[in-house]
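Below you'll find the structure, written out as structure tokens, and then a few comments.
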Amino acid sequence: MNRPILLPPEWYPQSAIQLTWPHADTDWGYMLEEVTQCFVQIAVEIMKRQKLIVVCYNMELVKYELRGYKDLLANLIVVELPTNDTWARDHSGISVLKDGKMHIYDFTFNGWGLKFASNYDNQITRGFFSKGIFNKDVELDNRKDFVLEGGALESDGKGTLLTTSECLLSPNRNSYLSKDGVEDYLKDTFGLDRVLWLDHGYLAGDDTDSHIDTLARFCDEHTIAYVKCEDKADEHYEALAKMEEQLKSFADYTGKPYKLIALPMAKAVYDEDNTRLPATYANFLIMNNAVLVPVYNDKDTDDIALGQLRLAFPNREIIGIDCSPLIRQHGSLHCVTMQYPEIYL
């Protein structure tokens, strides 16, 4: 079926991945060197395989950090724009195909329901177009009447969207719409047949109001990888068990139950204030020939997660990246990246 509007799944062929680089005026200022090395690791793994777009306030600083990888820099595109923070998944535009033409929807990013400043990040997509980053055939589609972050959306490319009610129905995003109103908007905007709402599941320390990309992810049209908690004493056990039961009740676009692949609950990690951090293996990034997976310096659990994702992606290289620095600001690997479909550049 040729859809008039297609929200490409993450495994759709890609032209590039975006990172928004940390700097001293972001929340990373107190640990800038440590988190920059994490960004360098992610950048290198991307540039080995496909184009990388880096948004930053100073091009020379980024090139300096990547100076040891001169053989990869042909795959680097640097865009100088002011930024508040680094969470590209949520402040970037969302790519769609409409009647065979390439569009980027520019939704409002309001700092996850007015929690954090977002005045610069909310303008990054328009900044890309002003600087001519995309092919001339790619159209900017202004959707600033609706608040939406990429981390809230999982598409199977077959007309199904997986999301969470906790996020999309939060009062500081689109409170003028009912659940039915939000669902109708999503269906019309993305050419969907249905929206699967997860009503359970959360991660302590998550600022996003339970983005789907921290909990359950499409691996293909028939497969969902999800976080499973085995420890009944863990605060997440009950909510994630209810999420698992709801996932078991869902059917794929053909009407068959999904193949479910359980990812382990990451070992509890706490910050200096004894706040639990949202470490999750579900926050992986699907690339053209690889999957980048966040790991957290816990070999046993990390190895289980990597093994499960090898089952989910038998034809892609599975690469673990230590994202212990990223969870210190309550996000992980998928949260700092955004993919753009083939031929957008």
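Each chain in the structure tokens gets a letter, A, B, ..., in the order shown, and its residues are numbered from 1; ligands are numbered from 1 in order too.
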Please build the interface table for range 120-186 of chain A against range 39-55 of chain A with a cut-off of 12 Å, listing for each qualifying residue the nearest atom pair and the distance in Å to one decimal; count only C-alpha atoms, order rows by chain and increasing number, and write it as a tab-separated table.
```
residue	atom	partner	partner_atom	distance
A:Tyr120	CA	A:Val55	CA	11.7
A:Asp121	CA	A:Val55	CA	10.2
A:Gln123	CA	A:Val55	CA	11.9
A:Ile124	CA	A:Val55	CA	8.4
A:Thr125	CA	A:Val55	CA	10.4
A:Gly127	CA	A:Val55	CA	10.0
A:Phe128	CA	A:Val55	CA	9.3
A:Lys131	CA	A:Val55	CA	11.8
A:Ile133	CA	A:Ile53	CA	9.2
A:Phe134	CA	A:Ile53	CA	10.8
```
Using only C-alpha atoms, what does the table of range 227-302 of chain A residues within 12 Å of range 159-163 of chain A look like, with each row giving the shortest atom pair and its distance in Å to one decimal, sorted by chain and ascending number, as CSV?
```
residue,atom,partner,partner_atom,distance
A:Met243,CA,A:Thr163,CA,11.9
A:Gln246,CA,A:Leu162,CA,11.9
A:Leu247,CA,A:Leu162,CA,10.2
A:Phe250,CA,A:Leu162,CA,10.2
A:Ala251,CA,A:Thr160,CA,10.3
A:Asp252,CA,A:Thr160,CA,8.1
A:Tyr253,CA,A:Thr160,CA,7.0
A:Thr254,CA,A:Thr160,CA,10.8
A:Gly255,CA,A:Thr160,CA,11.7
```
Selection above as a file: C-alpha atoms, as a PDB file, in the first residue's frame:
```
ATOM      1  CA  MET A 243       3.129  -2.474  30.515  1.00  0.00           C
ATOM      2  CA  GLN A 246      -0.617  -4.399  27.653  1.00  0.00           C
ATOM      3  CA  LEU A 247       2.045  -5.092  25.017  1.00  0.00           C
ATOM      4  CA  PHE A 250      -1.506  -5.578  21.116  1.00  0.00           C
ATOM      5  CA  ALA A 251      -1.544  -6.996  17.585  1.00  0.00           C
ATOM      6  CA  ASP A 252       0.647  -5.934  14.682  1.00  0.00           C
ATOM      7  CA  TYR A 253      -0.741  -4.422  11.502  1.00  0.00           C
ATOM      8  CA  THR A 254      -1.524  -7.917  10.155  1.00  0.00           C
ATOM      9  CA  GLY A 255      -3.555  -8.795  13.245  1.00  0.00           C
TER      10      GLY A 255
END
```
Can you tell me, as a PyMOL selection string, what residues are no more than 12 Å from Val227 in chain A when counting only C-alpha atoms, ignoring any on the same chain fewer than 2 positions away? chain A and resi 200-203+212-217+224-225+229-230+236-237+239-244+247+260-266+278-284+305+308-309
Work out how far apart CA of Leu61 in chain A and CA of Thr86 in chain A are and give it in Å to one decimal.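 CA of Thr86 in chain A lies 15.4 Å from CA of Leu61 in chain A.
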Minimum-distance residue to Val138 in chain A, chosen among A:Lys248, A:Lys70, A:Lys267, A:Lys101 (using only C-alpha atoms):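 Among the listed residues, the smallest separation from Val138 in chain A belongs to A:Lys101.
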Mind checking DSSP for range 93-252 of chain A and telling me the strand (DSSP E) residues as a PyMOL selection string? chain A and resi 94-98+101-108+139-147+154-155+160-164+194-198+216-220+223-228
Export of the given selection (C-alpha atoms) as an mmCIF file, in the first residue's frame:
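New file result_30.cif:
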```cif
data_model
loop_
_atom_site.group_PDB
_atom_site.id
_atom_site.type_symbol
_atom_site.label_atom_id
_atom_site.label_comp_id
_atom_site.auth_asym_id
_atom_site.auth_seq_id
_atom_site.Cartn_x
_atom_site.Cartn_y
_atom_site.Cartn_z
ATOM 1 C CA ILE A 94 10.263 14.941 12.281
ATOM 2 C CA SER A 95 10.670 13.600 8.757
ATOM 3 C CA VAL A 96 7.678 12.447 6.714
ATOM 4 C CA LEU A 97 6.906 11.628 3.098
ATOM 5 C CA LYS A 98 3.753 13.304 1.775
ATOM 6 C CA LYS A 101 7.579 14.522 -1.418
ATOM 7 C CA MET A 102 9.940 15.044 1.491
ATOM 8 C CA HIS A 103 8.748 17.165 4.406
ATOM 9 C CA ILE A 104 10.082 17.999 7.831
ATOM 10 C CA TYR A 105 7.424 18.767 10.401
ATOM 11 C CA ASP A 106 8.527 21.521 12.761
ATOM 12 C CA PHE A 107 6.517 21.018 15.948
ATOM 13 C CA THR A 108 6.827 23.141 19.063
ATOM 14 C CA GLU A 139 9.914 21.225 2.465
ATOM 15 C CA LEU A 140 9.605 22.829 5.900
ATOM 16 C CA ASP A 141 6.131 22.093 7.281
ATOM 17 C CA ASN A 142 5.247 24.457 10.145
ATOM 18 C CA ARG A 143 3.398 22.597 12.918
ATOM 19 C CA LYS A 144 4.029 25.029 15.745
ATOM 20 C CA ASP A 145 0.383 24.755 16.848
ATOM 21 C CA PHE A 146 1.186 21.351 18.395
ATOM 22 C CA VAL A 147 3.757 20.337 21.008
ATOM 23 C CA GLU A 154 7.465 4.909 17.504
ATOM 24 C CA SER A 155 6.346 4.147 13.937
ATOM 25 C CA THR A 160 0.801 2.109 13.425
ATOM 26 C CA LEU A 161 2.089 4.536 16.039
ATOM 27 C CA LEU A 162 3.169 3.358 19.494
ATOM 28 C CA THR A 163 3.195 6.016 22.220
ATOM 29 C CA THR A 164 2.405 6.664 25.876
ATOM 30 C CA ARG A 194 -4.187 3.436 14.510
ATOM 31 C CA VAL A 195 -2.439 4.604 17.658
ATOM 32 C CA LEU A 196 -1.382 2.082 20.299
ATOM 33 C CA TRP A 197 -1.419 3.806 23.680
ATOM 34 C CA LEU A 198 0.726 2.402 26.480
ATOM 35 C CA ALA A 216 9.301 0.006 24.249
ATOM 36 C CA ARG A 217 10.617 0.175 20.684
ATOM 37 C CA PHE A 218 9.683 -1.212 17.290
ATOM 38 C CA CYS A 219 12.539 -3.317 15.878
ATOM 39 C CA ASP A 220 10.566 -4.160 12.740
ATOM 40 C CA THR A 223 8.711 -7.004 16.811
ATOM 41 C CA ILE A 224 8.842 -4.817 19.930
ATOM 42 C CA ALA A 225 11.747 -4.695 22.366
ATOM 43 C CA TYR A 226 10.725 -3.515 25.813
ATOM 44 C CA VAL A 227 12.079 -3.035 29.327
ATOM 45 C CA LYS A 228 11.216 -5.842 31.740
#
```
Tell me, as a PyMOL selection string, which residues lie within 10 Å of Ile319 in chain A, counting only C-alpha atoms; anything in the same chain fewer than 4 positions away does not count. chain A and resi 45+284-285+290-295+306+309-310
Please produce a file of the residues just selected, as a JSON list (two decimals), in the first residue's frame, where the atoms kept are N, CA and C atoms.
```
[["chain", "number", "residue", "atom", "x", "y", "z"],
["A", 45, "GLU", "N", 31.21, 6.45, 15.79],
["A", 45, "GLU", "CA", 30.51, 5.26, 15.31],
["A", 45, "GLU", "C", 29.53, 5.60, 14.19],
["A", 284, "PHE", "N", 18.10, 2.67, 22.35],
["A", 284, "PHE", "CA", 19.06, 2.39, 21.29],
["A", 284, "PHE", "C", 18.72, 3.16, 20.02],
["A", 285, "LEU", "N", 19.71, 3.29, 19.13],
["A", 285, "LEU", "CA", 19.56, 3.99, 17.85],
["A", 285, "LEU", "C", 19.74, 3.00, 16.71],
["A", 290, "ALA", "N", 23.70, -0.82, 11.47],
["A", 290, "ALA", "CA", 24.13, -1.04, 12.84],
["A", 290, "ALA", "C", 23.05, -0.55, 13.80],
["A", 291, "VAL", "N", 23.20, -0.96, 15.05],
["A", 291, "VAL", "CA", 22.38, -0.44, 16.15],
["A", 291, "VAL", "C", 23.33, -0.03, 17.26],
["A", 292, "LEU", "N", 23.27, 1.24, 17.64],
["A", 292, "LEU", "CA", 24.06, 1.73, 18.77],
["A", 292, "LEU", "C", 23.23, 1.57, 20.04],
["A", 293, "VAL", "N", 23.81, 0.92, 21.03],
["A", 293, "VAL", "CA", 23.08, 0.55, 22.24],
["A", 293, "VAL", "C", 23.75, 1.18, 23.45],
["A", 294, "PRO", "N", 22.98, 1.86, 24.30],
["A", 294, "PRO", "CA", 23.58, 2.41, 25.52],
["A", 294, "PRO", "C", 23.89, 1.30, 26.51],
["A", 295, "VAL", "N", 25.06, 1.35, 27.11],
["A", 295, "VAL", "CA", 25.43, 0.44, 28.19],
["A", 295, "VAL", "C", 25.90, 1.28, 29.37],
["A", 306, "LEU", "N", 22.69, -6.53, 25.09],
["A", 306, "LEU", "CA", 23.29, -6.62, 23.76],
["A", 306, "LEU", "C", 22.89, -7.92, 23.07],
["A", 309, "LEU", "N", 19.30, -7.72, 21.81],
["A", 309, "LEU", "CA", 19.17, -6.88, 20.63],
["A", 309, "LEU", "C", 19.82, -7.53, 19.40],
["A", 310, "ARG", "N", 20.75, -8.42, 19.59],
["A", 310, "ARG", "CA", 21.25, -9.20, 18.45],
["A", 310, "ARG", "C", 20.15, -10.11, 17.91]]
```
For Asn2 in chain A, please output as a PyMOL selection string all residues within 10 Å (counting only C-alpha atoms; exclusion window: fewer than 6 positions along the same chain). chain A and resi 99-100+158
With C-alpha atoms retained, export the selected residues as a tab-separated table (two decimals), in the first residue's frame.
```tsv
chain	number	residue	atom	x	y	z
A	99	ASP	CA	2.55	12.28	-1.69
A	100	GLY	CA	6.07	11.16	-2.44
A	158	LYS	CA	2.70	0.44	8.24
```
Which one of A:Pro171, A:Gly151, A:Gly132, A:Gly113 sits closest to His91 in chain A if you count only C-alpha atoms?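 The closest residue to His91 in chain A is A:Gly151.
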Just the number, please: distance in Å from CA of Glu245 in chain A to CA of His222 in chain A, one decimal.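 CA of His222 in chain A lies 16.9 Å from CA of Glu245 in chain A.
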Compare A:Glu166, A:Glu317, A:Asp90, A:Asp199 by their minimum atom-to-atom distance to Thr20 in chain A, counting only C-alpha atoms, and give me the closest one.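 Closest to Thr20 in chain A of all the choices is A:Asp90.
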Give the helix (DSSP H, G or I) residues of range 110-322 of chain A, as DSSP finds them on the backbone, and put them as a PDB file with N, CA and C atoms, in the first residue's frame.
```
ATOM      1  N   GLY A 111      10.404  22.232  26.003  1.00  0.00           N
ATOM      2  CA  GLY A 111      11.170  21.766  27.162  1.00  0.00           C
ATOM      3  C   GLY A 111      10.435  20.723  27.973  1.00  0.00           C
ATOM      4  N   TRP A 112       9.796  19.779  27.284  1.00  0.00           N
ATOM      5  CA  TRP A 112       9.065  18.665  27.910  1.00  0.00           C
ATOM      6  C   TRP A 112       7.996  19.173  28.878  1.00  0.00           C
ATOM      7  N   GLY A 113       7.105  19.988  28.320  1.00  0.00           N
ATOM      8  CA  GLY A 113       6.010  20.486  29.151  1.00  0.00           C
ATOM      9  C   GLY A 113       6.429  21.624  30.054  1.00  0.00           C
ATOM     10  N   LEU A 114       7.254  22.548  29.517  1.00  0.00           N
ATOM     11  CA  LEU A 114       7.653  23.775  30.212  1.00  0.00           C
ATOM     12  C   LEU A 114       8.541  23.526  31.426  1.00  0.00           C
ATOM     13  N   ASP A 121      16.495  25.872  21.118  1.00  0.00           N
ATOM     14  CA  ASP A 121      16.288  24.534  20.550  1.00  0.00           C
ATOM     15  C   ASP A 121      15.030  24.473  19.699  1.00  0.00           C
ATOM     16  N   ASN A 122      14.031  25.246  20.065  1.00  0.00           N
ATOM     17  CA  ASN A 122      12.780  25.274  19.316  1.00  0.00           C
ATOM     18  C   ASN A 122      12.943  25.898  17.933  1.00  0.00           C
ATOM     19  N   GLN A 123      14.085  26.508  17.654  1.00  0.00           N
ATOM     20  CA  GLN A 123      14.315  27.163  16.359  1.00  0.00           C
ATOM     21  C   GLN A 123      15.325  26.418  15.484  1.00  0.00           C
ATOM     22  N   ILE A 124      15.842  25.281  15.959  1.00  0.00           N
ATOM     23  CA  ILE A 124      16.911  24.605  15.225  1.00  0.00           C
ATOM     24  C   ILE A 124      16.470  24.147  13.850  1.00  0.00           C
ATOM     25  N   THR A 125      15.284  23.587  13.727  1.00  0.00           N
ATOM     26  CA  THR A 125      14.837  23.090  12.421  1.00  0.00           C
ATOM     27  C   THR A 125      14.733  24.229  11.415  1.00  0.00           C
ATOM     28  N   ARG A 126      14.170  25.345  11.827  1.00  0.00           N
ATOM     29  CA  ARG A 126      14.117  26.505  10.923  1.00  0.00           C
ATOM     30  C   ARG A 126      15.529  26.992  10.577  1.00  0.00           C
ATOM     31  N   GLY A 127      16.432  26.881  11.542  1.00  0.00           N
ATOM     32  CA  GLY A 127      17.815  27.248  11.286  1.00  0.00           C
ATOM     33  C   GLY A 127      18.447  26.384  10.207  1.00  0.00           C
ATOM     34  N   PHE A 128      18.132  25.090  10.206  1.00  0.00           N
ATOM     35  CA  PHE A 128      18.623  24.192   9.153  1.00  0.00           C
ATOM     36  C   PHE A 128      18.185  24.673   7.779  1.00  0.00           C
ATOM     37  N   PHE A 129      16.929  25.038   7.681  1.00  0.00           N
ATOM     38  CA  PHE A 129      16.418  25.478   6.373  1.00  0.00           C
ATOM     39  C   PHE A 129      17.019  26.816   5.965  1.00  0.00           C
ATOM     40  N   SER A 130      17.237  27.704   6.913  1.00  0.00           N
ATOM     41  CA  SER A 130      17.829  29.002   6.571  1.00  0.00           C
ATOM     42  C   SER A 130      19.259  28.838   6.076  1.00  0.00           C
ATOM     43  N   GLY A 150      10.156  13.930  19.279  1.00  0.00           N
ATOM     44  CA  GLY A 150      10.416  12.689  18.563  1.00  0.00           C
ATOM     45  C   GLY A 150      10.512  11.476  19.462  1.00  0.00           C
ATOM     46  N   GLY A 151      10.970  11.668  20.706  1.00  0.00           N
ATOM     47  CA  GLY A 151      11.074  10.542  21.630  1.00  0.00           C
ATOM     48  C   GLY A 151       9.739   9.969  22.051  1.00  0.00           C
ATOM     49  N   ALA A 152       8.657  10.675  21.732  1.00  0.00           N
ATOM     50  CA  ALA A 152       7.310  10.209  22.082  1.00  0.00           C
ATOM     51  C   ALA A 152       6.708   9.300  21.024  1.00  0.00           C
ATOM     52  N   SER A 165       0.372   7.396  26.929  1.00  0.00           N
ATOM     53  CA  SER A 165      -0.633   8.384  27.321  1.00  0.00           C
ATOM     54  C   SER A 165      -0.057   9.387  28.319  1.00  0.00           C
ATOM     55  N   GLU A 166       0.869   8.944  29.171  1.00  0.00           N
ATOM     56  CA  GLU A 166       1.466   9.828  30.175  1.00  0.00           C
ATOM     57  C   GLU A 166       2.114  11.046  29.520  1.00  0.00           C
ATOM     58  N   CYS A 167       2.780  10.844  28.394  1.00  0.00           N
ATOM     59  CA  CYS A 167       3.454  11.952  27.723  1.00  0.00           C
ATOM     60  C   CYS A 167       2.491  12.780  26.876  1.00  0.00           C
ATOM     61  N   LEU A 168       1.837  12.142  25.938  1.00  0.00           N
ATOM     62  CA  LEU A 168       1.073  12.916  24.958  1.00  0.00           C
ATOM     63  C   LEU A 168      -0.182  13.553  25.544  1.00  0.00           C
ATOM     64  N   PRO A 171      -0.582  17.757  30.802  1.00  0.00           N
ATOM     65  CA  PRO A 171      -1.301  19.038  30.759  1.00  0.00           C
ATOM     66  C   PRO A 171      -0.523  20.197  30.161  1.00  0.00           C
ATOM     67  N   ASN A 172       0.805  20.135  30.136  1.00  0.00           N
ATOM     68  CA  ASN A 172       1.588  21.262  29.626  1.00  0.00           C
ATOM     69  C   ASN A 172       2.043  21.073  28.184  1.00  0.00           C
ATOM     70  N   ARG A 173       1.408  20.158  27.477  1.00  0.00           N
ATOM     71  CA  ARG A 173       1.720  20.020  26.059  1.00  0.00           C
ATOM     72  C   ARG A 173       0.535  20.491  25.204  1.00  0.00           C
ATOM     73  N   ASN A 174      -0.493  19.702  25.112  1.00  0.00           N
ATOM     74  CA  ASN A 174      -1.627  20.073  24.245  1.00  0.00           C
ATOM     75  C   ASN A 174      -2.934  19.896  25.003  1.00  0.00           C
ATOM     76  N   LYS A 179      -8.005  13.119  24.587  1.00  0.00           N
ATOM     77  CA  LYS A 179      -7.264  11.986  24.050  1.00  0.00           C
ATOM     78  C   LYS A 179      -7.706  11.689  22.625  1.00  0.00           C
ATOM     79  N   ASP A 180      -9.001  11.696  22.377  1.00  0.00           N
ATOM     80  CA  ASP A 180      -9.490  11.462  21.016  1.00  0.00           C
ATOM     81  C   ASP A 180      -9.002  12.545  20.075  1.00  0.00           C
ATOM     82  N   GLY A 181      -8.953  13.792  20.572  1.00  0.00           N
ATOM     83  CA  GLY A 181      -8.470  14.884  19.733  1.00  0.00           C
ATOM     84  C   GLY A 181      -7.002  14.732  19.381  1.00  0.00           C
ATOM     85  N   VAL A 182      -6.185  14.319  20.360  1.00  0.00           N
ATOM     86  CA  VAL A 182      -4.770  14.075  20.093  1.00  0.00           C
ATOM     87  C   VAL A 182      -4.615  12.932  19.095  1.00  0.00           C
ATOM     88  N   GLU A 183      -5.370  11.864  19.290  1.00  0.00           N
ATOM     89  CA  GLU A 183      -5.258  10.721  18.381  1.00  0.00           C
ATOM     90  C   GLU A 183      -5.671  11.098  16.967  1.00  0.00           C
ATOM     91  N   ASP A 184      -6.758  11.847  16.834  1.00  0.00           N
ATOM     92  CA  ASP A 184      -7.194  12.276  15.495  1.00  0.00           C
ATOM     93  C   ASP A 184      -6.131  13.145  14.837  1.00  0.00           C
ATOM     94  N   TYR A 185      -5.524  14.039  15.624  1.00  0.00           N
ATOM     95  CA  TYR A 185      -4.468  14.894  15.075  1.00  0.00           C
ATOM     96  C   TYR A 185      -3.303  14.048  14.578  1.00  0.00           C
ATOM     97  N   LEU A 186      -2.875  13.087  15.372  1.00  0.00           N
ATOM     98  CA  LEU A 186      -1.751  12.239  14.981  1.00  0.00           C
ATOM     99  C   LEU A 186      -2.077  11.433  13.731  1.00  0.00           C
ATOM    100  N   LYS A 187      -3.275  10.892  13.660  1.00  0.00           N
ATOM    101  CA  LYS A 187      -3.661  10.100  12.489  1.00  0.00           C
ATOM    102  C   LYS A 187      -3.664  10.957  11.227  1.00  0.00           C
ATOM    103  N   ASP A 188      -4.249  12.145  11.326  1.00  0.00           N
ATOM    104  CA  ASP A 188      -4.310  13.030  10.156  1.00  0.00           C
ATOM    105  C   ASP A 188      -2.915  13.510   9.753  1.00  0.00           C
ATOM    106  N   THR A 189      -2.100  13.833  10.723  1.00  0.00           N
ATOM    107  CA  THR A 189      -0.795  14.430  10.461  1.00  0.00           C
ATOM    108  C   THR A 189       0.196  13.422   9.905  1.00  0.00           C
ATOM    109  N   PHE A 190       0.132  12.183  10.403  1.00  0.00           N
ATOM    110  CA  PHE A 190       1.122  11.168  10.019  1.00  0.00           C
ATOM    111  C   PHE A 190       0.560  10.052   9.143  1.00  0.00           C
ATOM    112  N   ILE A 212       8.141   7.072  24.938  1.00  0.00           N
ATOM    113  CA  ILE A 212       8.100   5.675  24.511  1.00  0.00           C
ATOM    114  C   ILE A 212       9.496   5.128  24.254  1.00  0.00           C
ATOM    115  N   ASP A 213      10.437   5.980  23.835  1.00  0.00           N
ATOM    116  CA  ASP A 213      11.767   5.464  23.475  1.00  0.00           C
ATOM    117  C   ASP A 213      12.620   5.091  24.681  1.00  0.00           C
ATOM    118  N   THR A 214      12.078   5.267  25.889  1.00  0.00           N
ATOM    119  CA  THR A 214      12.747   4.765  27.084  1.00  0.00           C
ATOM    120  C   THR A 214      12.175   3.430  27.534  1.00  0.00           C
ATOM    121  N   TYR A 237       8.736  -2.414  39.216  1.00  0.00           N
ATOM    122  CA  TYR A 237       8.242  -3.763  38.900  1.00  0.00           C
ATOM    123  C   TYR A 237       6.768  -3.753  38.487  1.00  0.00           C
ATOM    124  N   GLU A 238       5.913  -3.171  39.292  1.00  0.00           N
ATOM    125  CA  GLU A 238       4.472  -3.250  39.033  1.00  0.00           C
ATOM    126  C   GLU A 238       4.095  -2.537  37.738  1.00  0.00           C
ATOM    127  N   ALA A 239       4.597  -1.325  37.534  1.00  0.00           N
ATOM    128  CA  ALA A 239       4.228  -0.560  36.343  1.00  0.00           C
ATOM    129  C   ALA A 239       4.737  -1.234  35.075  1.00  0.00           C
ATOM    130  N   LEU A 240       5.964  -1.774  35.121  1.00  0.00           N
ATOM    131  CA  LEU A 240       6.502  -2.422  33.925  1.00  0.00           C
ATOM    132  C   LEU A 240       5.836  -3.767  33.666  1.00  0.00           C
ATOM    133  N   ALA A 241       5.384  -4.454  34.729  1.00  0.00           N
ATOM    134  CA  ALA A 241       4.623  -5.688  34.528  1.00  0.00           C
ATOM    135  C   ALA A 241       3.295  -5.388  33.844  1.00  0.00           C
ATOM    136  N   LYS A 242       2.641  -4.306  34.243  1.00  0.00           N
ATOM    137  CA  LYS A 242       1.389  -3.909  33.590  1.00  0.00           C
ATOM    138  C   LYS A 242       1.646  -3.506  32.142  1.00  0.00           C
ATOM    139  N   MET A 243       2.776  -2.829  31.892  1.00  0.00           N
ATOM    140  CA  MET A 243       3.129  -2.474  30.515  1.00  0.00           C
ATOM    141  C   MET A 243       3.322  -3.726  29.673  1.00  0.00           C
ATOM    142  N   GLU A 244       3.998  -4.727  30.218  1.00  0.00           N
ATOM    143  CA  GLU A 244       4.213  -5.967  29.486  1.00  0.00           C
ATOM    144  C   GLU A 244       2.888  -6.631  29.122  1.00  0.00           C
ATOM    145  N   GLU A 245       1.955  -6.662  30.073  1.00  0.00           N
ATOM    146  CA  GLU A 245       0.648  -7.265  29.792  1.00  0.00           C
ATOM    147  C   GLU A 245      -0.084  -6.502  28.697  1.00  0.00           C
ATOM    148  N   GLN A 246       0.030  -5.185  28.702  1.00  0.00           N
ATOM    149  CA  GLN A 246      -0.617  -4.399  27.653  1.00  0.00           C
ATOM    150  C   GLN A 246       0.038  -4.667  26.300  1.00  0.00           C
ATOM    151  N   LEU A 247       1.361  -4.767  26.271  1.00  0.00           N
ATOM    152  CA  LEU A 247       2.045  -5.092  25.017  1.00  0.00           C
ATOM    153  C   LEU A 247       1.602  -6.454  24.486  1.00  0.00           C
ATOM    154  N   LYS A 248       1.387  -7.406  25.377  1.00  0.00           N
ATOM    155  CA  LYS A 248       0.934  -8.730  24.960  1.00  0.00           C
ATOM    156  C   LYS A 248      -0.470  -8.679  24.348  1.00  0.00           C
ATOM    157  N   SER A 249      -1.241  -7.684  24.720  1.00  0.00           N
ATOM    158  CA  SER A 249      -2.606  -7.559  24.189  1.00  0.00           C
ATOM    159  C   SER A 249      -2.656  -6.894  22.821  1.00  0.00           C
ATOM    160  N   LYS A 299      28.630  -5.192  33.375  1.00  0.00           N
ATOM    161  CA  LYS A 299      28.892  -6.139  32.294  1.00  0.00           C
ATOM    162  C   LYS A 299      27.804  -7.196  32.148  1.00  0.00           C
ATOM    163  N   ASP A 300      27.357  -7.773  33.242  1.00  0.00           N
ATOM    164  CA  ASP A 300      26.372  -8.849  33.141  1.00  0.00           C
ATOM    165  C   ASP A 300      25.088  -8.379  32.472  1.00  0.00           C
ATOM    166  N   THR A 301      24.529  -7.275  32.972  1.00  0.00           N
ATOM    167  CA  THR A 301      23.278  -6.774  32.412  1.00  0.00           C
ATOM    168  C   THR A 301      23.493  -6.186  31.020  1.00  0.00           C
ATOM    169  N   ASP A 302      24.615  -5.476  30.835  1.00  0.00           N
ATOM    170  CA  ASP A 302      24.930  -4.941  29.506  1.00  0.00           C
ATOM    171  C   ASP A 302      24.978  -6.072  28.479  1.00  0.00           C
ATOM    172  N   ASP A 303      25.636  -7.164  28.821  1.00  0.00           N
ATOM    173  CA  ASP A 303      25.780  -8.284  27.871  1.00  0.00           C
ATOM    174  C   ASP A 303      24.429  -8.920  27.548  1.00  0.00           C
ATOM    175  N   ILE A 304      23.559  -9.017  28.537  1.00  0.00           N
ATOM    176  CA  ILE A 304      22.223  -9.570  28.283  1.00  0.00           C
ATOM    177  C   ILE A 304      21.475  -8.676  27.294  1.00  0.00           C
ATOM    178  N   ALA A 305      21.524  -7.372  27.529  1.00  0.00           N
ATOM    179  CA  ALA A 305      20.822  -6.435  26.647  1.00  0.00           C
ATOM    180  C   ALA A 305      21.372  -6.507  25.227  1.00  0.00           C
ATOM    181  N   LEU A 306      22.689  -6.531  25.092  1.00  0.00           N
ATOM    182  CA  LEU A 306      23.291  -6.615  23.759  1.00  0.00           C
ATOM    183  C   LEU A 306      22.891  -7.921  23.067  1.00  0.00           C
ATOM    184  N   GLY A 307      22.845  -9.013  23.822  1.00  0.00           N
ATOM    185  CA  GLY A 307      22.445 -10.291  23.248  1.00  0.00           C
ATOM    186  C   GLY A 307      21.004 -10.287  22.784  1.00  0.00           C
ATOM    187  N   GLN A 308      20.126  -9.704  23.568  1.00  0.00           N
ATOM    188  CA  GLN A 308      18.713  -9.626  23.174  1.00  0.00           C
ATOM    189  C   GLN A 308      18.533  -8.790  21.914  1.00  0.00           C
ATOM    190  N   LEU A 309      19.297  -7.721  21.813  1.00  0.00           N
ATOM    191  CA  LEU A 309      19.167  -6.875  20.628  1.00  0.00           C
ATOM    192  C   LEU A 309      19.818  -7.525  19.403  1.00  0.00           C
ATOM    193  N   ARG A 310      20.750  -8.416  19.590  1.00  0.00           N
ATOM    194  CA  ARG A 310      21.251  -9.200  18.448  1.00  0.00           C
ATOM    195  C   ARG A 310      20.146 -10.111  17.907  1.00  0.00           C
ATOM    196  N   LEU A 311      19.293 -10.617  18.794  1.00  0.00           N
ATOM    197  CA  LEU A 311      18.145 -11.406  18.340  1.00  0.00           C
ATOM    198  C   LEU A 311      17.160 -10.530  17.570  1.00  0.00           C
ATOM    199  N   ALA A 312      16.995  -9.309  18.028  1.00  0.00           N
ATOM    200  CA  ALA A 312      16.041  -8.400  17.390  1.00  0.00           C
ATOM    201  C   ALA A 312      16.536  -7.883  16.050  1.00  0.00           C
TER     202      ALA A 312
END
```
Non-local contacts of Cys56 in chain A (12 Å; only C-alpha atoms; under 4 positions in same chain excluded) as number ranges by chain: A: 18-26, 60-63, 77-86, 88, 120-121, 124, 127-128
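What separates CA of Asp273 in chain A from CA of Gly331 in chain A is a distance of 17.0 Å.
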